[in-house]
Amino acid sequence: MESESKQLAQTGPIPPKTFGQKLRNVGPGFVTAATGVGTGDLIAALVAGSGFGMMLGWAIILGSIFKFFLTEGVGRWHLATGKTMLQGWHSLGKWATSYFGVYSIIWGVLYGAAAGSTSALMMRSMFPIMPLWAWAIVHLLAAFALIWTGKYLLFERLMLVFIGIMFITVVGTAVILLPDIGNIIQGIVIPRMDAGSLLLVMGLIGGVGGTITMASYGYWLQEKKWKGKAWISMMRVDNSVAYMVTAIFTLSLMVIGAEFLHSSSIKIEGEEGLIILSGMLGESFNGVVSWMFMLGAWCAAFSSLLGVWNGVPYLFADFIRTIRKKGQSENQPISEKDPAYRFYLFWLTFPPMLLLFFDKPVGLVLLQGALGAFLMPFLAITLMWLLNSKRVELDYRNGWVTNGILGISVALFCGLMINELINMF
């Protein structure tokens, strides 16, 4: 018995066998997907619904499929090779590692200010007792304190609670509007576009649950003790369930836009538009519906913030370990108590507070969004490169379907990046 216990301690938990057992073990995929679904995705789905009804529902499904393959690629790389994404990027050359290093420093400050402001907008609409900058600082400090404890399971449980609230409140709001089910199904299964909808379609496909934290997925697998090729099947179920729930959530937002705004002249633009919509729901129904929607929007904003605070410091700490090439073993997992991890957690939290006093939250969101658009093409291209190379055993390399979908995603993300740059300038 003692020898069996020692063996289990060395090898880690045994992968679940049945589908039911796998469902009970999902977690990191939900964390990744929820971190990627922020208020920008809420707005895009609402705008699509208000402008085109349910015509573009298929784009949300397609976007979820793209994000599944990207996150699955990150997870498969980690489980099949035992290496992190940073180690994979470094194997492609110093240019890849340097790209991430420069990107992470600039993006971190901008994202901290933008995410804090977005969460604050939602909270101030519910509790207008403090100015925006004060609520933003409260959110930044709360995320800092929660992640500083270094307890992944606490973080994961909190994220699952936020996901549950988001799902219940937003899907519940959509159900209250009594949508036409046939219209929803038609929008999902029949790809259609209208004049002027191309950029919106690209945004819907590219924005369903996708951020820099997709590259953090391997570290969350590590925290769950999912190690080795035997966990690949579990990882795929984890991702599949997460992105199915994400698709239902985003489709519900499109339903709200289609049923509540499609026939009106009201336009939803920026995070402030979510607050306007919440007030309209309250006027048409009651205060409970208004609060339901706003609570869901706040959960989307703060869960994105919290996911970045936990996930991206792993990448930065791995970056520091990689460029130093000394000290901690490359095979030793990155710890949340690593000095570089905690430095980046500090970097995300405190320097951005200075930007809050410029009182331009929407501008900050647009700027960090434009900068964020640079990483998704980089992630898709490098995943194709790594997972088609001899760095991965033949059985775990990309198939033609995966290569095709990742190739399309590269073109899509490059298009979105160009559009973001055009909008910024």
# chains A, B, ... in the order shown; residues from 1 in each chain; ligands from 1

call {"tool": "residues_around", "arguments": {"residues": "range 133-135 of chain A", "least_positions_apart": "4", "cutoff": "9 Å", "atoms": "only C-alpha atoms", "output": "number ranges by chain"}}
result
A: 116-117, 119-121, 123-124, 139-140, 353, 356-357, 359

call {"tool": "select_by_dssp", "arguments": {"residues": "range 12-225 of chain A", "states": "alpha helix (DSSP H)", "output": "count of residues only"}}
result
161

call {"tool": "closest_residue", "arguments": {"among": "A:Leu387, A:Ile65, A:Ile232, A:Ala142", "to": "Trp309 in chain A", "atoms": "only C-alpha atoms"}}
result
A:Ala142

call {"tool": "closest_atom_pairs", "arguments": {"of": "range 288-343 of chain A", "to": "range 16-34 of chain A", "cutoff": "8 Å", "atoms": "only C-alpha atoms", "output": "CSV"}}
result
residue,atom,partner,partner_atom,distance
A:Ala300,CA,A:Ala34,CA,7.3
A:Ser303,CA,A:Ala34,CA,6.6
A:Ser304,CA,A:Ala34,CA,6.4
A:Gly307,CA,A:Val31,CA,6.8

call {"tool": "residues_around", "arguments": {"residues": "range 53-61 of chain A", "least_positions_apart": "3", "cutoff": "6 Å", "atoms": "only C-alpha atoms", "output": "MDAnalysis selection string"}}
result
chainID A and resid 49:50 64 184 187:188 191 204:205 258

call {"tool": "closest_residue", "arguments": {"among": "A:Ala45, A:Leu386, A:Val410, A:Ala145", "to": "Arg342 in chain A", "atoms": "only C-alpha atoms"}}
result
A:Ala145

call {"tool": "atom_distance", "arguments": {"atom1": "CA of Leu383 in chain A", "atom2": "CA of Leu198 in chain A"}}
result
26.3 Å

call {"tool": "atom_distance", "arguments": {"atom1": "CA of Arg236 in chain A", "atom2": "CA of Gly407 in chain A"}}
result
20.0 Å

call {"tool": "closest_atom_pairs", "arguments": {"of": "range 292-344 of chain A", "to": "range 259-281 of chain A", "cutoff": "9 Å", "atoms": "only C-alpha atoms", "output": "Markdown table"}}
result
| residue | atom | partner | partner_atom | distance |
| --- | --- | --- | --- | --- |
| A:Met292 | CA | A:Ser278 | CA | 8.7 |
| A:Phe293 | CA | A:Ser278 | CA | 6.3 |
| A:Met294 | CA | A:Ser278 | CA | 6.2 |
| A:Ala297 | CA | A:Leu274 | CA | 7.8 |

call {"tool": "write_last_selection", "arguments": {"atoms": "C-alpha atoms", "output": "compact mmCIF listing (two decimals), in the first residue's frame"}}
result
# COMPACT_ATOMS: atom_id res chain seq x y z
CA MET A 292 -29.49 40.43 -13.80
CA PHE A 293 -27.99 41.71 -17.02
CA MET A 294 -25.59 44.15 -15.36
CA ALA A 297 -21.73 41.97 -17.59

call {"tool": "residues_around", "arguments": {"residues": "range 400-406 of chain A", "least_positions_apart": "4", "cutoff": "8 Å", "atoms": "only C-alpha atoms", "output": "PyMOL selection string"}}
result
chain A and resi 66+69-70+380-381+384+410

call {"tool": "atom_distance", "arguments": {"atom1": "CA of Val37 in chain A", "atom2": "CA of Gly311 in chain A"}}
result
14.6 Å

call {"tool": "residues_around", "arguments": {"residues": "Asn388 in chain A", "least_positions_apart": "4", "cutoff": "8 Å", "atoms": "only C-alpha atoms", "output": "VMD selection string"}}
result
chain A and resid 384 392 397 to 398

call {"tool": "write_last_selection", "arguments": {"atoms": "C-alpha atoms", "output": "mmCIF file, in the first residue's frame"}}
result
data_model
loop_
_atom_site.group_PDB
_atom_site.id
_atom_site.type_symbol
_atom_site.label_atom_id
_atom_site.label_comp_id
_atom_site.auth_asym_id
_atom_site.auth_seq_id
_atom_site.Cartn_x
_atom_site.Cartn_y
_atom_site.Cartn_z
ATOM 1 C CA MET A 384 1.226 25.549 -36.636
ATOM 2 C CA VAL A 392 6.283 16.606 -31.276
ATOM 3 C CA ARG A 397 1.211 16.400 -34.604
ATOM 4 C CA ASN A 398 -1.481 18.364 -36.411
#
